[in-house]
>>> print(open('query_33.cif').read())   # mmCIF, C-alpha atoms
data_work
loop_
_atom_site.label_atom_id
_atom_site.label_comp_id
_atom_site.auth_asym_id
_atom_site.auth_seq_id
_atom_site.Cartn_x
_atom_site.Cartn_y
_atom_site.Cartn_z
CA MET A 1 -9.11 -50.69 -12.85
CA VAL A 2 -6.87 -52.24 -15.51
CA LYS A 3 -5.94 -55.93 -15.56
CA LYS A 4 -3.27 -56.94 -18.07
CA PHE A 5 -2.31 -60.34 -19.41
CA GLY A 6 0.81 -60.81 -21.50
CA ASN A 7 1.65 -57.99 -23.88
CA ASP A 8 -1.57 -57.52 -25.74
CA LEU A 9 -4.58 -58.38 -23.60
CA THR A 10 -6.14 -55.76 -21.32
CA PHE A 11 -9.33 -55.65 -19.29
CA ASP A 12 -9.72 -51.93 -18.92
CA GLY A 13 -12.90 -51.43 -16.94
CA ALA A 14 -15.67 -51.52 -19.51
CA LYS A 15 -13.46 -52.67 -22.37
CA THR A 16 -11.62 -55.87 -23.27
CA ILE A 17 -8.85 -54.95 -25.68
CA ILE A 18 -6.58 -57.34 -27.54
CA ALA A 19 -3.90 -55.77 -29.74
CA GLY A 20 -6.02 -52.63 -30.05
CA GLN A 21 -9.13 -54.60 -31.07
CA ARG A 22 -12.36 -54.83 -29.10
CA GLY A 23 -12.84 -58.29 -27.67
CA LEU A 24 -15.32 -60.15 -25.52
CA LEU A 25 -14.89 -63.05 -23.10
CA LEU A 26 -17.12 -65.95 -24.11
CA SER A 27 -17.25 -69.27 -22.30
CA ILE A 28 -16.14 -72.38 -24.17
CA LYS A 29 -19.36 -74.11 -23.12
CA ASN A 30 -21.30 -71.27 -24.75
CA ILE A 31 -19.31 -71.56 -28.00
CA VAL A 32 -19.92 -75.31 -28.18
CA ASN A 33 -23.64 -74.91 -27.35
CA GLN A 34 -23.85 -72.22 -30.03
CA GLN A 35 -22.13 -74.47 -32.60
CA LYS A 36 -24.48 -77.35 -31.81
CA GLU A 37 -27.53 -75.09 -32.10
CA ILE A 38 -26.31 -73.77 -35.47
CA GLU A 39 -25.70 -77.38 -36.57
CA ARG A 40 -29.29 -78.25 -35.53
CA ILE A 41 -30.80 -75.30 -37.42
CA VAL A 42 -28.57 -75.16 -40.50
CA GLY A 43 -27.72 -78.86 -40.85
CA HIS A 44 -24.94 -79.90 -43.24
CA GLY A 45 -22.65 -76.95 -43.87
CA TRP A 46 -23.19 -75.46 -40.40
CA GLY A 47 -19.44 -74.99 -40.04
CA GLU A 48 -19.37 -72.66 -43.07
CA VAL A 49 -21.44 -70.12 -41.12
CA ILE A 50 -18.82 -69.86 -38.40
CA TYR A 51 -15.87 -70.21 -40.78
CA GLU A 52 -17.11 -67.38 -43.01
CA ALA A 53 -17.85 -65.10 -40.05
CA GLU A 54 -14.35 -65.55 -38.62
CA ARG A 55 -12.67 -65.31 -42.03
CA LYS A 56 -14.33 -61.94 -42.72
CA ALA A 57 -13.70 -60.65 -39.18
CA ILE A 58 -10.01 -61.54 -39.07
CA LYS A 59 -9.37 -60.39 -42.63
CA GLU A 60 -10.73 -57.02 -41.52
CA ALA A 61 -8.84 -57.00 -38.21
CA VAL A 62 -5.35 -58.07 -39.34
CA PRO A 63 -4.55 -54.89 -41.31
CA GLN A 64 -5.60 -52.87 -38.24
CA ILE A 65 -3.43 -55.03 -35.96
CA VAL A 66 -0.35 -55.37 -38.15
CA GLY A 67 -0.67 -51.96 -39.72
CA VAL A 68 -1.87 -51.14 -43.19
CA LYS A 69 1.58 -49.72 -43.99
CA GLU A 70 3.37 -53.00 -43.24
CA LEU A 71 0.91 -54.96 -45.36
CA ASP A 72 1.34 -52.47 -48.19
CA MET A 73 5.11 -52.94 -48.00
CA LEU A 74 4.58 -56.69 -48.23
CA LEU A 75 2.59 -56.17 -51.38
CA LYS A 76 5.49 -54.22 -52.85
CA ASN A 77 7.85 -57.15 -52.17
CA SER A 78 9.87 -55.42 -49.49
CA LYS A 79 11.93 -57.42 -47.04
CA ILE A 80 9.25 -57.61 -44.37
CA SER A 81 8.72 -61.31 -43.94
CA LYS A 82 5.27 -62.84 -44.08
CA LYS A 83 6.57 -65.54 -41.74
CA ALA A 84 7.54 -62.93 -39.12
CA ILE A 85 4.06 -61.39 -39.28
CA ILE A 86 2.51 -64.85 -38.87
CA GLN A 87 4.78 -65.52 -35.86
CA ASN A 88 3.63 -62.24 -34.29
CA LEU A 89 0.00 -63.13 -34.82
CA ILE A 90 0.64 -66.57 -33.31
CA GLY A 91 1.93 -64.83 -30.16
CA LEU A 92 -1.30 -62.87 -30.08
CA PHE A 93 -3.49 -65.93 -30.65
CA ASN A 94 -1.83 -67.71 -27.75
CA GLN A 95 -3.22 -65.06 -25.37
CA THR A 96 -6.85 -65.61 -26.40
CA GLY A 97 -7.54 -68.82 -24.48
CA LEU A 98 -8.09 -70.87 -27.63
CA GLY A 99 -5.04 -73.11 -27.13
CA LEU A 100 -1.37 -73.07 -28.06
CA LEU A 101 -0.75 -72.38 -31.73
CA LYS A 102 2.48 -73.37 -33.50
CA LEU A 103 3.66 -72.92 -37.06
CA SER A 104 4.85 -76.35 -38.21
CA GLU A 105 5.46 -75.75 -41.93
CA PHE A 106 5.78 -72.59 -44.01
CA ASN A 107 6.21 -72.28 -47.76
CA GLU A 108 6.07 -68.64 -48.83
CA LYS A 109 6.69 -69.39 -52.50
CA ASN A 110 3.61 -71.60 -52.75
CA SER A 111 1.57 -69.53 -50.26
CA TYR A 112 1.11 -72.57 -48.07
CA PHE A 113 1.52 -73.26 -44.37
CA ILE A 114 0.50 -75.71 -41.66
CA VAL A 115 -0.30 -74.87 -38.05
CA THR A 116 -1.07 -77.05 -35.05
CA VAL A 117 -3.09 -76.17 -31.95
CA GLU A 118 -2.44 -77.97 -28.69
CA ASN A 119 -4.56 -77.71 -25.55
CA SER A 120 -7.48 -76.45 -27.63
CA PRO A 121 -10.55 -76.14 -25.36
CA ILE A 122 -13.36 -76.19 -27.96
CA PRO A 123 -12.89 -79.74 -29.36
CA GLU A 124 -12.28 -81.07 -25.84
CA GLU A 125 -15.78 -79.96 -24.90
CA TYR A 126 -17.21 -82.22 -27.61
CA GLU A 127 -18.13 -85.87 -27.44
CA LYS A 128 -16.20 -88.03 -29.99
CA ARG A 129 -16.95 -86.87 -33.55
CA ASP A 130 -16.08 -88.21 -36.99
CA ALA A 131 -15.46 -84.76 -38.53
CA PRO A 132 -13.53 -81.66 -37.33
CA VAL A 133 -15.36 -79.05 -35.26
CA CYS A 134 -12.89 -76.15 -35.03
CA PHE A 135 -14.51 -73.84 -37.58
CA HIS A 136 -13.79 -70.72 -35.51
CA LEU A 137 -10.07 -71.48 -35.71
CA ALA A 138 -10.14 -72.49 -39.39
CA GLY A 139 -11.88 -69.21 -40.23
CA ILE A 140 -9.41 -67.22 -38.12
CA PHE A 141 -6.44 -68.79 -39.97
CA ALA A 142 -8.05 -68.34 -43.40
CA GLY A 143 -8.83 -64.67 -42.68
CA ALA A 144 -5.34 -63.95 -41.38
CA ALA A 145 -3.77 -65.74 -44.38
CA GLU A 146 -5.90 -63.73 -46.82
CA ALA A 147 -4.81 -60.47 -45.18
CA ILE A 148 -1.12 -61.45 -45.22
CA PHE A 149 -0.86 -63.18 -48.61
CA MET A 150 -3.38 -60.76 -50.14
CA MET A 151 -5.16 -63.42 -52.11
CA PRO A 152 -8.10 -65.78 -51.53
CA MET A 153 -6.96 -68.54 -49.18
CA ILE A 154 -8.60 -71.59 -47.71
CA CYS A 155 -8.02 -73.40 -44.42
CA LYS A 156 -8.84 -77.06 -43.83
CA GLU A 157 -8.70 -78.74 -40.44
CA VAL A 158 -7.08 -82.12 -41.08
CA LYS A 159 -6.70 -83.35 -37.50
CA CYS A 160 -9.05 -82.56 -34.62
CA VAL A 161 -8.98 -83.45 -30.95
CA SER A 162 -12.73 -84.16 -31.17
CA MET A 163 -11.86 -87.01 -33.60
CA GLY A 164 -9.36 -88.52 -31.18
CA HIS A 165 -6.18 -86.82 -32.44
CA GLN A 166 -3.73 -85.48 -29.88
CA TYR A 167 -3.83 -81.98 -31.32
CA CYS A 168 -5.64 -80.08 -34.06
CA GLU A 169 -3.87 -79.43 -37.37
CA PHE A 170 -4.80 -76.97 -40.08
CA LYS A 171 -3.52 -76.64 -43.67
CA ILE A 172 -3.76 -73.16 -45.18
CA MET A 173 -3.34 -72.76 -48.94
CA LYS A 174 -4.40 -70.79 -52.01
CA ARG A 175 -8.11 -71.08 -52.76
CA MET B 1 -15.40 -60.63 -1.57
CA ILE B 2 -12.79 -60.84 -4.31
CA ASP B 3 -13.76 -59.25 -7.61
CA LEU B 4 -14.87 -61.43 -10.52
CA VAL B 5 -12.05 -59.97 -12.65
CA ASP B 6 -9.52 -61.24 -10.09
CA THR B 7 -10.54 -64.82 -10.84
CA LEU B 8 -9.26 -64.46 -14.44
CA THR B 9 -6.19 -66.57 -15.30
CA LEU B 10 -4.22 -67.28 -18.48
CA ASP B 11 -2.12 -70.46 -18.51
CA LYS B 12 -0.85 -72.72 -21.33
CA GLY B 13 -3.08 -71.09 -23.90
CA ARG B 14 -6.20 -71.29 -21.75
CA ILE B 15 -8.19 -68.57 -19.98
CA SER B 16 -10.44 -69.23 -17.05
CA LEU B 17 -12.89 -66.97 -15.26
CA SER B 18 -14.07 -68.26 -11.87
CA THR B 19 -12.46 -71.60 -12.89
CA ILE B 20 -14.72 -71.83 -15.99
CA PRO B 21 -12.92 -72.03 -19.40
CA PHE B 22 -13.37 -68.83 -21.39
CA ALA B 23 -11.73 -67.38 -24.50
CA ILE B 24 -11.45 -63.95 -26.07
CA PHE B 25 -13.23 -63.40 -29.36
CA LEU B 26 -13.03 -60.21 -31.37
CA THR B 27 -16.33 -58.36 -31.41
CA LYS B 28 -15.90 -58.24 -35.19
CA SER B 29 -16.32 -62.03 -35.09
CA ILE B 30 -19.53 -61.72 -33.09
CA TYR B 31 -20.79 -59.10 -35.56
CA TYR B 32 -20.09 -61.39 -38.53
CA VAL B 33 -21.49 -64.49 -36.78
CA GLN B 34 -24.74 -62.56 -36.21
CA GLU B 35 -24.78 -61.36 -39.82
CA GLU B 36 -24.09 -64.86 -41.22
CA LEU B 37 -26.78 -66.33 -38.97
CA LYS B 38 -29.33 -63.79 -40.20
CA LYS B 39 -28.85 -65.26 -43.71
CA CYS B 40 -29.45 -68.88 -42.75
CA ALA B 41 -31.30 -69.00 -39.44
CA SER B 42 -33.79 -66.11 -39.83
CA ASP B 43 -34.95 -64.86 -36.40
CA SER B 44 -33.46 -67.87 -34.58
CA TRP B 45 -30.17 -65.96 -34.42
CA LYS B 46 -31.67 -63.76 -31.70
CA LYS B 47 -32.42 -66.74 -29.47
CA ILE B 48 -29.00 -68.29 -30.17
CA LEU B 49 -27.22 -65.11 -29.03
CA TYR B 50 -29.59 -64.57 -26.09
CA GLU B 51 -29.00 -68.11 -24.84
CA SER B 52 -25.22 -67.59 -25.31
CA GLY B 53 -25.31 -64.62 -22.97
CA LYS B 54 -27.40 -66.53 -20.46
CA THR B 55 -24.99 -69.48 -20.48
CA ASP B 56 -21.93 -67.27 -20.00
CA ALA B 57 -23.38 -65.24 -17.16
CA TYR B 58 -24.89 -68.21 -15.38
CA LEU B 59 -21.69 -70.27 -15.56
CA ALA B 60 -19.32 -67.47 -14.53
CA ASN B 61 -21.48 -66.01 -11.79
CA SER B 62 -22.60 -69.27 -10.20
CA SER B 63 -18.98 -70.47 -10.09
CA TYR B 64 -17.90 -67.09 -8.73
CA LEU B 65 -20.49 -67.25 -5.97
CA ARG B 66 -19.28 -70.75 -5.07
CA ILE B 67 -15.76 -69.33 -4.71
CA CYS B 68 -17.12 -66.55 -2.49
CA SER B 69 -19.58 -68.78 -0.62
CA GLU B 70 -17.94 -68.20 2.74
CA ASP B 71 -18.47 -64.47 2.45
CA ARG B 72 -21.62 -63.28 4.23
CA SER B 73 -22.35 -60.58 1.62
CA SER B 74 -22.75 -63.25 -1.09
CA LYS B 75 -25.57 -64.83 0.95
CA ASP B 76 -27.36 -61.46 1.17
CA LEU B 77 -27.54 -61.41 -2.63
CA LEU B 78 -29.83 -64.43 -2.70
CA THR B 79 -32.49 -62.67 -0.69
CA ASN B 80 -32.12 -59.05 -1.72
CA SER B 81 -32.94 -58.25 -5.37
CA LYS B 82 -31.67 -54.68 -5.14
CA LYS B 83 -28.33 -55.80 -3.74
CA ALA B 84 -28.07 -58.49 -6.39
CA PHE B 85 -28.59 -55.91 -9.14
CA GLU B 86 -26.00 -53.54 -7.64
CA PHE B 87 -23.52 -56.38 -7.26
CA LEU B 88 -23.94 -57.26 -10.91
CA ALA B 89 -23.37 -53.70 -12.05
CA LEU B 90 -20.16 -53.45 -10.04
CA GLN B 91 -18.75 -56.74 -11.30
CA TYR B 92 -19.67 -56.19 -14.93
CA ASN B 93 -17.99 -52.80 -14.91
CA LYS B 94 -14.74 -54.68 -14.36
CA ILE B 95 -14.70 -57.58 -16.79
CA GLY B 96 -14.64 -55.63 -20.02
CA LYS B 97 -18.26 -56.13 -21.04
CA GLY B 98 -19.26 -52.48 -21.26
CA GLU B 99 -20.07 -49.96 -18.54
CA VAL B 100 -23.28 -50.86 -16.76
CA ARG B 101 -25.66 -48.86 -14.61
CA ILE B 102 -28.64 -50.60 -13.08
CA GLU B 103 -31.84 -49.17 -11.66
CA TYR B 104 -34.29 -51.40 -9.86
CA ASP B 105 -37.96 -50.85 -9.11
CA GLN B 106 -38.63 -53.23 -6.23
CA LEU B 107 -42.40 -52.67 -6.34
CA LYS B 108 -42.73 -53.61 -10.00
CA SER B 109 -39.96 -56.23 -9.90
CA ILE B 110 -38.43 -54.58 -12.95
CA GLY B 111 -34.84 -53.59 -13.50
CA ARG B 112 -33.51 -51.15 -16.05
CA VAL B 113 -29.97 -51.70 -17.30
CA ILE B 114 -28.09 -48.93 -19.07
CA LEU B 115 -25.10 -50.25 -21.00
CA LYS B 116 -22.57 -47.75 -22.25
CA TYR B 117 -19.98 -48.78 -24.85
CA SER B 118 -21.60 -52.08 -25.80
CA PRO B 119 -18.77 -53.68 -27.78
CA ILE B 120 -21.27 -55.49 -30.04
CA ALA B 121 -23.32 -52.37 -30.77
CA SER B 122 -20.08 -50.42 -31.34
CA GLU B 123 -19.20 -52.92 -34.07
CA TYR B 124 -22.55 -52.27 -35.73
CA VAL B 125 -21.96 -48.52 -35.52
CA GLU B 126 -18.64 -49.03 -37.35
CA HIS B 127 -20.45 -51.05 -40.01
CA GLY B 128 -23.12 -48.41 -40.66
CA GLY B 129 -25.55 -48.89 -37.76
CA SER B 130 -28.75 -50.86 -37.49
CA LYS B 131 -32.51 -50.35 -37.44
CA GLU B 132 -33.08 -52.96 -34.74
CA PRO B 133 -31.41 -53.70 -31.38
CA GLN B 134 -28.45 -56.06 -31.77
CA CYS B 135 -27.29 -56.86 -28.24
CA TYR B 136 -29.21 -60.10 -27.67
CA TYR B 137 -26.05 -61.53 -26.12
CA PHE B 138 -26.08 -58.84 -23.41
CA ALA B 139 -29.82 -59.23 -22.80
CA GLY B 140 -29.01 -62.89 -22.14
CA VAL B 141 -26.13 -61.92 -19.84
CA TYR B 142 -28.43 -59.85 -17.61
CA ALA B 143 -31.16 -62.51 -17.58
CA GLY B 144 -28.61 -65.25 -16.85
CA SER B 145 -26.88 -63.30 -14.11
CA MET B 146 -30.10 -62.55 -12.29
CA SER B 147 -31.41 -66.10 -12.82
CA ILE B 148 -28.88 -67.27 -10.24
CA PHE B 149 -30.62 -65.14 -7.63
CA HIS B 150 -34.14 -65.27 -9.07
CA PRO B 151 -34.87 -68.14 -11.49
CA GLY B 152 -37.07 -67.18 -14.43
CA VAL B 153 -35.69 -63.68 -15.04
CA GLU B 154 -35.89 -62.48 -18.66
CA ALA B 155 -34.41 -59.39 -20.31
CA LYS B 156 -35.08 -57.41 -23.47
CA GLU B 157 -33.14 -54.65 -25.18
CA ILE B 158 -35.36 -51.66 -25.93
CA LYS B 159 -32.76 -49.14 -27.12
CA CYS B 160 -29.45 -49.86 -28.82
CA LEU B 161 -26.36 -47.82 -29.52
CA SER B 162 -26.39 -49.36 -32.99
CA GLN B 163 -29.71 -47.58 -33.68
CA GLY B 164 -28.22 -44.20 -32.87
CA TYR B 165 -29.11 -44.00 -29.16
CA PRO B 166 -26.31 -42.81 -26.86
CA TYR B 167 -26.41 -46.10 -24.94
CA CYS B 168 -28.16 -49.47 -24.89
CA GLU B 169 -31.10 -49.97 -22.54
CA PHE B 170 -32.51 -53.26 -21.31
CA ILE B 171 -35.60 -54.09 -19.26
CA VAL B 172 -35.06 -56.98 -16.88
CA THR B 173 -38.26 -58.57 -15.58
CA LEU B 174 -38.30 -60.70 -12.47
CA PRO B 175 -40.96 -63.40 -12.23
CA LYS B 176 -43.88 -62.42 -10.01
CA LYS B 177 -43.73 -64.14 -6.62
#
>>> encode(input="query_33.cif", output="structure tokens")
Amino acid sequence: MVKKFGNDLTFDGAKTIIAGQRGLLLSIKNIVNQQKEIERIVGHGWGEVIYEAERKAIKEAVPQIVGVKELDMLLKNSKISKKAIIQNLIGLFNQTGLGLLKLSEFNEKNSYFIVTVENSPIPEEYEKRDAPVCFHLAGIFAGAAEAIFMMPMICKEVKCVSMGHQYCEFKIMKR
Amino acid sequence: MIDLVDTLTLDKGRISLSTIPFAIFLTKSIYYVQEELKKCASDSWKKILYESGKTDAYLANSSYLRICSEDRSSKDLLTNSKKAFEFLALQYNKIGKGEVRIEYDQLKSIGRVILKYSPIASEYVEHGGSKEPQCYYFAGVYAGSMSIFHPGVEAKEIKCLSQGYPYCEFIVTLPKK
């Protein structure tokens, strides 16, 4: 039995597939519990554990999703637009249940962009915090940016729903 | 009873399963989370992933059973361990968490779960394999699922695809009455 959502998400019997990649449904409660347990064990810097894991995972996945050939053409300065690839990946992200992602600023020359996430379920599960908690998302954006810009990139969450902001905002730039 | 997979919805960037908020994560992410945790949390990573699986299964299945509470067959599950195991196998074959076959020894109160295509173990295979079992999340899923019917159930992976076995195998132990 196959259940499809949108263009890229399929529950095909034993397999959850998103854009050709293996995926797994995890509850938001579980993710937040997991983050809090990592925070308890690791202490300060707990977010780096999650950030690094996602950064590595997505950096590995993006060439498989977008196609190694397209990324190679980007490297050779062809007319394939980095912005168009980012827009495609945003469409994909918006099928994962992690909120609604939008590109709010893009500067290809300076390898810099800003994204916002509305309706993000992870920070909503938190009590009020004084620091951002969306390290999964920050790592995802850093990993995707590294694959597309082909250079070390960093992502900082500058607004977070857990801190009382209306949406989460992330700045992605050269490391 | 409606299938668990039929309770899945995607709306305004959110996914829910049996009305519980869920999200899709790449199994590559789970692989790297486990590997990062091994560096800084030593063996605690196993418990973190096991408890994750328990939480997911308990939340989704208890909510699912509430949705199906008017159905007589859902009530049978609470009193019949064998039926509960079979029910689990059927539902988990449909929500993209690997293909499951379950055998249950009623006398010993022990279940054996065979998981084909574990997406987590498959990730380890792609990254060179592993000497130890890696599917603590799935062990937690089976313990958490059965805990709804029989509180105190625990599960342990004894064979893993990542170690070179053709499938993953888990032993699920029900508490003695």
>>> resolve_selection(input="query_33.cif", expression="the PyMOL selection byres ((chain B) within 9 of (chain A))", output="VMD selection string")
chain B and resid 5 to 6 9 to 17 20 to 37 40 to 41 44 to 45 48 to 49 51 to 57 59 to 60 92 to 100 116 to 120 123
>>> atom_distance(input="query_33.cif", atom1="atom CA of B:Thr7", atom2="atom CA of A:Glu125")
21.3 Å
>>> atom_distance(input="query_33.cif", atom1="atom CA of A:Lys174", atom2="atom CA of A:Cys155")
8.8 Å
>>> atom_distance(input="query_33.cif", atom1="atom CA of A:Pro132", atom2="atom CA of B:Tyr50")
26.0 Å
>>> resolve_selection(input="query_33.cif", expression="the PyMOL selection byres ((chain B and resi 127-140) around 6)", output="list in words")
Lys46, Leu49, Tyr50, Glu51, Gly53, Lys54, Tyr124, Val125, Glu126, Val141, Tyr142, Ala143, Gly144, Ala155, Lys156, Cys160, Ser162 and Gln163 of chain B
>>> resolve_selection(input="query_33.cif", expression="the PyMOL selection byres ((chain B and resi 166-172) around 6)", output="VMD selection string")
chain B and resid 110 to 116 154 to 161 165 173
>>> closest_residue(input="query_33.cif", among="B:Leu77, B:Ile148, B:Leu174, B:Leu8", to="B:Leu107", atoms="only C-alpha atoms")
B:Leu174
>>> decode(input="query_33.cif", residues="stretch 37-80 of chain B", atoms="C-alpha atoms", output="short mmCIF file (atom, residue, chain, number, x, y, z; two decimals), in the first residue's frame")
data_model
loop_
_atom_site.label_atom_id
_atom_site.label_comp_id
_atom_site.auth_asym_id
_atom_site.auth_seq_id
_atom_site.Cartn_x
_atom_site.Cartn_y
_atom_site.Cartn_z
CA LEU B 37 26.17 11.25 20.69
CA LYS B 38 28.67 8.39 20.90
CA LYS B 39 31.43 11.04 21.09
CA CYS B 40 29.93 13.03 23.95
CA ALA B 41 27.42 10.85 25.79
CA SER B 42 29.20 7.45 25.82
CA ASP B 43 26.68 4.62 26.28
CA SER B 44 23.86 7.00 27.24
CA TRP B 45 23.11 7.39 23.53
CA LYS B 46 21.56 3.91 23.57
CA LYS B 47 19.07 4.87 26.27
CA ILE B 48 18.30 8.21 24.56
CA LEU B 49 17.40 6.44 21.30
CA TYR B 50 15.55 3.61 23.09
CA GLU B 51 13.42 6.10 25.01
CA SER B 52 12.79 8.02 21.75
CA GLY B 53 11.32 4.92 20.17
CA LYS B 54 9.23 4.22 23.26
CA THR B 55 7.84 7.77 23.28
CA ASP B 56 6.92 7.68 19.59
CA ALA B 57 5.21 4.31 19.71
CA TYR B 58 3.38 5.01 22.93
CA LEU B 59 2.09 8.40 21.78
CA ALA B 60 1.02 7.28 18.30
CA ASN B 61 -0.52 3.98 19.31
CA SER B 62 -2.36 5.17 22.41
CA SER B 63 -3.86 8.05 20.42
CA TYR B 64 -4.70 5.66 17.58
CA LEU B 65 -6.48 3.30 19.96
CA ARG B 66 -8.46 6.24 21.35
CA ILE B 67 -9.57 7.04 17.80
CA CYS B 68 -10.59 3.40 17.31
CA SER B 69 -12.04 2.97 20.80
CA GLU B 70 -15.53 2.23 19.53
CA ASP B 71 -14.26 -0.72 17.54
CA ARG B 72 -14.66 -4.03 19.39
CA SER B 73 -11.42 -5.47 17.95
CA SER B 74 -9.39 -2.72 19.67
CA LYS B 75 -10.74 -3.90 23.04
CA ASP B 76 -9.64 -7.48 22.30
CA LEU B 77 -6.06 -6.22 22.00
CA LEU B 78 -5.95 -5.24 25.66
CA THR B 79 -6.58 -8.79 26.79
CA ASN B 80 -4.95 -10.87 24.10
#
